[in-house]
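S.K.: Sharing my_file-v4.cif (mmCIF, C-alpha atoms) below.
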data_model
loop_
_atom_site.label_atom_id
_atom_site.label_comp_id
_atom_site.auth_asym_id
_atom_site.auth_seq_id
_atom_site.Cartn_x
_atom_site.Cartn_y
_atom_site.Cartn_z
CA MET U 391 -20.23 49.48 -15.72
CA SER U 392 -20.88 46.36 -13.62
CA THR U 393 -24.22 45.55 -12.04
CA ALA U 394 -25.13 44.62 -8.46
CA ILE U 395 -28.12 42.40 -7.75
CA THR U 396 -30.07 43.06 -4.56
CA THR U 397 -33.27 41.66 -3.09
CA ASP U 398 -35.25 41.46 0.14
CA SER U 399 -35.36 38.54 2.55
CA GLY U 400 -38.61 37.37 0.99
CA CYS U 401 -36.42 35.69 -1.66
CA ASP U 402 -35.57 32.74 0.64
CA LEU U 403 -32.18 32.08 -0.95
CA PHE U 404 -31.12 30.59 2.38
CA PRO U 405 -29.02 29.37 4.05
CA ASP U 406 -26.17 30.44 1.80
CA LEU U 407 -27.20 30.57 -1.86
CA TYR U 408 -27.35 34.37 -1.70
CA LEU U 409 -23.70 34.39 -0.58
CA GLU U 410 -22.64 32.03 -3.37
CA LYS U 411 -24.33 34.26 -5.96
CA LYS U 412 -23.06 37.52 -4.39
CA VAL U 413 -26.48 39.00 -3.75
CA ASP U 414 -27.17 41.69 -1.16
CA VAL U 415 -30.24 40.70 0.89
CA ILE U 416 -32.10 43.49 2.67
CA PRO U 417 -34.04 41.91 5.56
CA LEU U 418 -37.62 42.46 6.55
CA TYR U 419 -38.33 42.78 10.27
CA ILE U 420 -40.00 40.22 12.53
CA THR U 421 -41.44 41.30 15.89
CA ILE U 422 -42.16 38.76 18.62
CA GLY U 423 -43.47 40.40 21.76
CA ASP U 424 -41.36 43.50 22.32
CA ARG U 425 -38.35 42.22 20.37
CA THR U 426 -37.80 43.13 16.72
CA SER U 427 -35.28 41.12 14.69
CA ARG U 428 -33.96 41.05 11.14
CA ASP U 429 -35.50 38.19 9.15
CA PHE U 430 -33.12 35.22 8.82
CA PHE U 431 -30.05 37.09 10.08
CA ASP U 432 -31.27 37.43 13.69
CA ILE U 433 -34.22 35.07 13.80
CA LYS U 434 -35.06 31.72 12.21
CA PRO U 435 -38.35 29.88 11.58
CA GLN U 436 -37.69 27.61 14.56
CA ASP U 437 -37.93 30.69 16.79
CA VAL U 438 -41.33 31.51 15.27
CA PHE U 439 -42.62 27.97 15.81
CA GLN U 440 -41.42 27.85 19.41
CA ASP U 441 -43.08 31.14 20.29
CA PHE U 442 -46.32 30.22 18.50
CA ALA U 443 -46.53 26.91 20.39
CA VAL U 444 -46.63 28.87 23.64
CA THR U 445 -48.54 32.05 22.76
CA LYS U 446 -50.69 30.98 19.76
CA LYS U 447 -49.89 34.43 18.38
CA LEU U 448 -48.12 35.11 15.10
CA PRO U 449 -45.20 37.53 14.97
CA LYS U 450 -45.66 40.80 13.14
CA THR U 451 -43.75 41.44 9.94
CA ALA U 452 -42.59 44.80 8.60
CA ALA U 453 -40.93 45.84 5.36
CA PRO U 454 -37.46 47.40 5.37
CA ALA U 455 -37.60 51.18 5.63
CA PRO U 456 -36.64 53.28 2.58
CA THR U 457 -33.40 54.18 4.40
CA ASP U 458 -32.46 50.47 4.58
CA PHE U 459 -32.69 50.23 0.81
CA TYR U 460 -31.02 53.60 0.29
CA GLU U 461 -27.91 52.59 2.22
CA VAL U 462 -27.43 49.43 0.16
CA PHE U 463 -28.17 51.12 -3.15
CA LYS U 464 -25.79 53.99 -2.36
CA LYS U 465 -22.98 51.59 -1.50
CA HIS U 466 -23.16 50.04 -4.96
CA VAL U 467 -23.75 53.26 -6.87
CA ASP U 468 -20.76 54.87 -5.13
CA ALA U 469 -18.73 51.86 -6.26
CA GLY U 470 -19.68 52.64 -9.87
CA GLU U 471 -22.28 49.91 -10.25
CA ASP U 472 -25.81 49.76 -11.62
CA VAL U 473 -28.29 48.16 -9.22
CA VAL U 474 -31.13 45.80 -10.07
CA HIS U 475 -33.35 45.15 -7.08
CA LEU U 476 -35.90 42.32 -7.16
CA SER U 477 -38.69 42.77 -4.66
CA MET U 478 -41.29 40.46 -3.20
CA ASN U 479 -44.95 40.74 -4.21
CA SER U 480 -46.18 44.32 -3.67
CA LYS U 481 -49.65 42.96 -2.80
CA MET U 482 -48.21 41.24 0.27
CA SER U 483 -45.64 43.72 1.55
CA ALA U 484 -44.58 47.38 1.40
CA SER U 485 -41.07 46.22 0.56
CA TYR U 486 -41.48 47.09 -3.12
CA GLN U 487 -42.91 50.55 -2.47
CA ASN U 488 -40.13 51.40 0.00
CA ALA U 489 -37.46 50.22 -2.44
CA VAL U 490 -38.99 52.44 -5.14
CA ILE U 491 -38.85 55.44 -2.79
CA ALA U 492 -35.15 54.83 -2.16
CA ALA U 493 -34.38 54.23 -5.84
CA GLN U 494 -35.73 57.66 -6.78
CA GLU U 495 -32.52 59.14 -5.39
CA PHE U 496 -30.45 57.41 -8.09
CA GLU U 497 -30.44 57.32 -11.88
CA ASN U 498 -29.20 53.76 -12.25
CA VAL U 499 -31.18 51.75 -9.69
CA TYR U 500 -33.92 49.56 -11.17
CA VAL U 501 -36.61 48.03 -8.93
CA ILE U 502 -38.62 45.03 -10.15
CA ASN U 503 -41.92 44.01 -8.59
CA THR U 504 -41.69 40.24 -9.01
CA PHE U 505 -45.33 39.77 -7.93
CA THR U 506 -44.19 36.58 -6.26
CA ILE U 507 -42.69 35.34 -3.00
CA SER U 508 -40.15 33.02 -1.45
CA SER U 509 -37.87 31.06 -3.74
CA ALA U 510 -39.94 31.96 -6.80
CA GLU U 511 -38.56 35.44 -6.21
CA GLY U 512 -35.26 33.68 -5.64
CA LEU U 513 -35.46 32.06 -9.08
CA MET U 514 -35.71 35.50 -10.63
CA VAL U 515 -32.76 36.68 -8.57
CA LEU U 516 -30.67 33.78 -9.88
CA ASP U 517 -31.65 34.61 -13.45
CA ALA U 518 -30.62 38.22 -12.86
CA CYS U 519 -27.28 37.00 -11.49
CA ASP U 520 -26.71 34.96 -14.66
CA LEU U 521 -27.35 38.06 -16.77
CA ARG U 522 -25.04 40.09 -14.54
CA ASP U 523 -22.29 37.51 -15.03
CA GLN U 524 -22.82 37.78 -18.79
CA GLY U 525 -21.96 41.47 -18.55
CA LYS U 526 -25.46 42.88 -19.08
CA SER U 527 -26.14 46.41 -17.87
CA GLY U 528 -28.64 47.16 -15.13
CA GLN U 529 -31.10 48.55 -17.65
CA GLU U 530 -30.82 45.43 -19.82
CA ILE U 531 -31.27 43.07 -16.86
CA ALA U 532 -34.28 45.00 -15.58
CA ALA U 533 -35.96 44.90 -18.99
CA LEU U 534 -35.39 41.14 -19.31
CA MET U 535 -36.68 40.50 -15.78
CA GLU U 536 -39.88 42.37 -16.58
CA GLN U 537 -40.36 40.06 -19.57
CA GLU U 538 -39.55 36.86 -17.67
CA LYS U 539 -41.47 37.32 -14.43
CA ASP U 540 -44.78 36.06 -15.83
CA LYS U 541 -43.14 32.68 -16.49
CA VAL U 542 -42.52 31.84 -12.83
CA ARG U 543 -44.89 29.24 -11.36
CA THR U 544 -45.67 28.92 -7.65
CA TYR U 545 -47.80 26.14 -6.16
CA VAL U 546 -47.60 26.13 -2.35
CA LEU U 547 -48.38 22.94 -0.43
CA LEU U 548 -49.55 23.63 3.13
CA ASP U 549 -49.59 21.04 5.89
CA THR U 550 -51.89 23.15 8.04
CA LEU U 551 -54.18 26.16 7.72
CA GLU U 552 -53.52 27.19 11.32
CA PHE U 553 -51.03 29.93 10.47
CA ALA U 554 -53.19 31.18 7.60
CA TYR U 555 -56.16 31.29 9.97
CA ARG U 556 -54.23 33.18 12.65
CA GLY U 557 -53.03 35.61 10.01
CA GLY U 558 -56.53 36.23 8.69
CA ARG U 559 -56.05 34.38 5.39
CA ALA U 560 -58.36 31.43 6.18
CA SER U 561 -61.61 31.18 8.10
CA LYS U 562 -62.07 29.08 11.23
CA LEU U 563 -64.58 26.93 9.35
CA GLN U 564 -62.09 26.28 6.51
CA THR U 565 -59.41 25.38 9.03
CA MET U 566 -61.62 23.01 11.00
CA GLY U 567 -62.90 21.38 7.81
CA ALA U 568 -59.40 20.83 6.45
CA ASN U 569 -58.28 19.28 9.74
CA LEU U 570 -61.33 17.05 10.01
CA LEU U 571 -61.06 15.75 6.44
CA LYS U 572 -57.25 15.62 6.47
CA LEU U 573 -57.15 18.02 3.55
CA ARG U 574 -53.95 19.81 2.66
CA PRO U 575 -54.49 22.74 0.31
CA CYS U 576 -52.20 23.62 -2.56
CA LEU U 577 -52.28 27.34 -3.30
CA PHE U 578 -51.47 28.95 -6.64
CA LEU U 579 -49.87 32.38 -6.79
CA SER U 580 -50.81 34.02 -10.09
CA PRO U 581 -48.36 36.10 -12.17
CA ARG U 582 -50.24 39.16 -10.87
CA GLY U 583 -49.55 38.21 -7.27
CA GLU U 584 -52.95 36.82 -6.24
CA LEU U 585 -53.43 33.63 -4.20
CA SER U 586 -56.13 31.05 -4.89
CA ILE U 587 -56.73 27.40 -4.03
CA HIS U 588 -55.40 25.26 -6.87
CA LYS U 589 -56.05 21.78 -5.49
CA LYS U 590 -56.80 19.95 -2.24
CA PHE U 591 -54.82 16.84 -1.42
CA ARG U 592 -56.07 14.25 1.06
CA GLY U 593 -54.03 11.83 3.11
CA ASN U 594 -51.07 11.71 5.44
CA TYR U 595 -48.39 14.31 4.94
CA PRO U 596 -45.62 12.17 3.31
CA GLN U 597 -48.15 10.66 0.90
CA VAL U 598 -49.51 14.10 -0.01
CA CYS U 599 -46.02 15.49 -0.57
CA ARG U 600 -45.21 12.76 -3.07
CA GLU U 601 -48.54 13.24 -4.85
CA TYR U 602 -47.88 16.99 -4.98
CA VAL U 603 -44.43 16.45 -6.54
CA ARG U 604 -45.88 14.15 -9.20
CA HIS U 605 -48.61 16.71 -9.90
CA VAL U 606 -46.10 19.55 -10.39
CA LEU U 607 -43.80 17.45 -12.57
CA GLU U 608 -46.73 16.77 -14.92
CA MET U 609 -47.31 20.48 -15.56
CA PRO U 610 -46.93 21.59 -19.21
CA ASN U 611 -44.15 23.73 -20.69
CA ILE U 612 -41.71 23.35 -17.80
CA CYS U 613 -38.40 25.12 -18.37
CA ARG U 614 -35.64 22.58 -17.85
CA ASP U 615 -32.90 24.96 -16.67
CA HIS U 616 -33.39 24.74 -12.92
CA VAL U 617 -35.97 24.21 -10.23
CA MET U 618 -36.08 25.49 -6.67
CA VAL U 619 -37.27 23.22 -3.86
CA SER U 620 -38.06 25.06 -0.62
CA THR U 621 -39.50 24.31 2.80
CA THR U 622 -40.23 26.09 6.06
CA GLY U 623 -38.86 23.02 7.81
CA MET U 624 -39.82 19.34 7.62
CA ASP U 625 -38.54 15.85 8.32
CA GLN U 626 -35.09 15.66 6.74
CA SER U 627 -35.41 12.13 5.38
CA LEU U 628 -38.74 12.98 3.73
CA LEU U 629 -37.27 16.15 2.26
CA GLU U 630 -34.30 14.24 0.85
CA SER U 631 -36.61 11.65 -0.73
CA LEU U 632 -38.71 14.37 -2.39
CA VAL U 633 -35.63 16.12 -3.76
CA GLN U 634 -34.45 12.77 -5.12
CA MET U 635 -37.84 12.23 -6.81
CA ILE U 636 -37.38 15.51 -8.63
CA LYS U 637 -33.81 14.68 -9.63
CA ASP U 638 -34.81 11.21 -10.81
CA SER U 639 -37.47 12.71 -13.09
CA GLY U 640 -34.65 13.97 -15.31
CA ILE U 641 -36.65 17.09 -16.16
CA PHE U 642 -34.28 19.66 -14.71
CA LYS U 643 -30.63 20.36 -15.34
CA GLU U 644 -30.22 21.72 -11.81
CA VAL U 645 -32.20 21.12 -8.61
CA LEU U 646 -31.61 23.67 -5.87
CA LEU U 647 -32.72 23.34 -2.23
CA THR U 648 -33.47 26.37 -0.08
CA TYR U 649 -35.03 27.02 3.31
CA ALA U 650 -37.61 29.71 3.96
CA GLY U 651 -36.98 32.65 6.24
CA CYS U 652 -39.48 33.97 8.77
CA THR U 653 -41.31 36.26 6.33
CA THR U 654 -42.65 33.21 4.46
CA THR U 655 -42.96 31.02 7.54
CA VAL U 656 -45.19 33.44 9.46
CA HIS U 657 -47.90 33.11 6.81
CA THR U 658 -47.60 29.42 5.92
CA GLY U 659 -46.53 27.50 9.02
CA PRO U 660 -44.38 24.39 9.47
CA ASN U 661 -44.03 21.64 6.88
CA THR U 662 -44.82 23.95 3.98
CA PHE U 663 -43.27 22.50 0.84
CA VAL U 664 -42.94 24.14 -2.57
CA VAL U 665 -41.46 23.30 -5.96
CA PHE U 666 -40.81 26.55 -7.81
CA TYR U 667 -40.16 26.49 -11.55
CA LYS U 668 -40.47 28.54 -14.74
CA GLU U 669 -42.37 27.89 -17.93
CA ASN U 670 -40.78 28.22 -21.34
#
Will you turn the file into structure tokens for me?

M.R.:
Amino acid sequence: MSTAITTDSGCDLFPDLYLEKKVDVIPLYITIGDRTSRDFFDIKPQDVFQDFAVTKKLPKTAAPAPTDFYEVFKKHVDAGEDVVHLSMNSKMSASYQNAVIAAQEFENVYVINTFTISSAEGLMVLDACDLRDQGKSGQEIAALMEQEKDKVRTYVLLDTLEFAYRGGRASKLQTMGANLLKLRPCLFLSPRGELSIHKKFRGNYPQVCREYVRHVLEMPNICRDHVMVSTTGMDQSLLESLVQMIKDSGIFKEVLLTYAGCTTTVHTGPNTFVVFYKEN
């Protein structure tokens, strides 16, 4: 029996990596005003930024309903496939819980709480795809994903705390202080899905980005297989130079570039930059 790999749009395997790897992406919903759209497929981060510039209000996000997951799971099960679904951090979204509800209708659908977000979740999806292509069963892939998920490392570099403040994740005082001192926080997402401040960088944005890359590349026990570089949108020439820095380090066999969808963007804002990797 073959295995299908599915995930939610929190994975940020965009614009087309999910297509290349034959992954079904079940979108979260983004509501701006009275219009609700499917993350990435109907709305892009640029739309979020444009609306925020005018209204100073963040869009609302909502997890896919259990029926959304059920329809995708049923399609694959009816085709004679196992399903392994990798979900974004359950502490940040109801996506995992709703996927679990849908999976209860099937005997061969396995739902993994990755406890992570964005392209860190995407890294796990890619690993699951590799196991699928090796002919592993759904049960085998799910068991291996449960073992591997604690190895994923996520350090998020923010250019601004404005979106975190508007979303209730930073105080006004923290935001004003960061702006005044030109501080750009780097957040760490723990293997149990909890955010904390890892480090504060000071300086102009391009300088901080390069310092951040050097900092990440000096981390211990880095797995050399592949690394995921992701952004919510930034200057293209700067992005290309940062990707080249990572390639020139010679640490990784493969460097992949992805762009965040709206689910990530709503909570982090523009110019967010992240290097996602795994430890050995």

S.K.: So which residues get picked by the PyMOL selection byres ((chain U and resi 634) around 12) here, written as a list in words?

M.R.: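 The output of the PyMOL selection byres ((chain U and resi 634) around 12) on this file is Arg600, Val603, Val619, Ser627, Leu628, Leu629, Glu630, Ser631, Leu632, Val633, Met635, Ile636, Lys637, Asp638, Ser639, Gly640, Phe642, Glu644, Val645, Leu646 and Leu647 of chain U.
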
S.K.: Please report the interatomic distance between CA of Lys590 (chain U) and CA of Cys576 (chain U) in Å with one decimal.

M.R.: 5.9 Å

S.K.: Which residue is closest to Lys411 (chain U)? Choose from U:Gly512, U:Pro581, U:Gly470, U:Gly659 and count only C-alpha atoms.

M.R.: U:Gly512

S.K.: Could you tell me which of U:Gln529, U:Thr655, U:Ser580, U:Asn488 comes closest to Phe442 (chain U) if we count only C-alpha atoms?

M.R.: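 Closest candidate: U:Thr655.
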
S.K.: Mind giving me the straight-line distance from CA of Val499 (chain U) to CA of Asp540 (chain U) in Å, one decimal?

M.R.: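 Between CA of Val499 (chain U) and CA of Asp540 (chain U) the gap works out to 21.7 Å.
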
S.K.: Between CA of Ser392 (chain U) and CA of Phe505 (chain U), what is the distance, to one decimal in Å?

M.R.: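 Taking CA of Ser392 (chain U) as the start and CA of Phe505 (chain U) as the end point, the length is 26.0 Å.
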
S.K.: Run the PyMOL selection byres ((chain U and resi 492) around 10) mentally over the shown coordinates, then write out the matched residues as a PDB file with C-alpha atoms, in the coordinates of the input, using the chain letters and numbers from the document.

M.R.:
ATOM      1  CA  ALA U 455     -37.600  51.180   5.630  1.00  0.00           C
ATOM      2  CA  PRO U 456     -36.640  53.280   2.580  1.00  0.00           C
ATOM      3  CA  THR U 457     -33.400  54.180   4.400  1.00  0.00           C
ATOM      4  CA  ASP U 458     -32.460  50.470   4.580  1.00  0.00           C
ATOM      5  CA  PHE U 459     -32.690  50.230   0.810  1.00  0.00           C
ATOM      6  CA  TYR U 460     -31.020  53.600   0.290  1.00  0.00           C
ATOM      7  CA  GLU U 461     -27.910  52.590   2.220  1.00  0.00           C
ATOM      8  CA  VAL U 462     -27.430  49.430   0.160  1.00  0.00           C
ATOM      9  CA  PHE U 463     -28.170  51.120  -3.150  1.00  0.00           C
ATOM     10  CA  LYS U 464     -25.790  53.990  -2.360  1.00  0.00           C
ATOM     11  CA  GLN U 487     -42.910  50.550  -2.470  1.00  0.00           C
ATOM     12  CA  ASN U 488     -40.130  51.400   0.000  1.00  0.00           C
ATOM     13  CA  ALA U 489     -37.460  50.220  -2.440  1.00  0.00           C
ATOM     14  CA  VAL U 490     -38.990  52.440  -5.140  1.00  0.00           C
ATOM     15  CA  ILE U 491     -38.850  55.440  -2.790  1.00  0.00           C
ATOM     16  CA  ALA U 493     -34.380  54.230  -5.840  1.00  0.00           C
ATOM     17  CA  GLN U 494     -35.730  57.660  -6.780  1.00  0.00           C
ATOM     18  CA  GLU U 495     -32.520  59.140  -5.390  1.00  0.00           C
ATOM     19  CA  PHE U 496     -30.450  57.410  -8.090  1.00  0.00           C
ATOM     20  CA  VAL U 499     -31.180  51.750  -9.690  1.00  0.00           C
ATOM     21  CA  VAL U 501     -36.610  48.030  -8.930  1.00  0.00           C
TER      22      VAL U 501
END

S.K.: Identify which of the residues U:Arg574, U:His466, U:Arg582, U:Arg592 lies closest to Lys481 (chain U), counting all atoms listed in the file when measuring atom-to-atom distances.

M.R.: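 Ranking U:Arg574, U:His466, U:Arg582, U:Arg592 by distance to Lys481 (chain U), first place goes to U:Arg582.
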
S.K.: Looking at all atoms listed in the file, which of U:Ile420, U:Ala484, U:Ile395, U:Val664 is the one that sits closest to Arg543 (chain U)?

M.R.: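 Smallest separation from Arg543 (chain U) among the options: U:Val664.
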
S.K.: Considering only C-alpha atoms, state which residue in the set U:Gly528, U:Pro417, U:Pro610, U:Gly651 is at the smallest distance from Glu497 (chain U).

M.R.: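 Answer, going by the shortest atom-to-atom distance: U:Gly528.
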
S.K.: For the file shown, report as a ChimeraX atom specification the outcome of the PyMOL selection byres ((chain U and resi 585) around 12) at residue level.

M.R.: /U:479,481-482,505-507,543-546,559-560,575-584,586-588

S.K.: Would you mind telling me which residue in U:Tyr419, U:Tyr500, U:Phe591, U:Arg428 lies nearest to Val467 (chain U) when using all atoms listed in the file?

M.R.: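 Answer, going by the shortest atom-to-atom distance: U:Tyr500.
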
S.K.: Show me the residues around (-28.7, 43.2, -13.3) - criterion: an atom at most 12 Å away, all atoms listed in the file counted - as a ChimeraX atom specification.

M.R.: /U:391-397,412-413,471-476,498-502,514-536

S.K.: Env of Asp424 (chain U): 12 Å cut, atoms = all atoms listed in the file, seq-sep filter 3 positions within chain, self excluded. Answer as a list in words.

M.R.: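 After dropping sequence-adjacent residues, the list is Ile420, Thr421, Ser427, Pro449 and Lys450 of chain U.
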
S.K.: Could you name the residues that touch Pro405 (chain U) at 8 Å or less, counting all atoms listed in the file, but leaving out those on the same chain fewer than 2 positions away, as a VMD selection string?

M.R.: chain U and resid 403 407 to 408 648 to 649
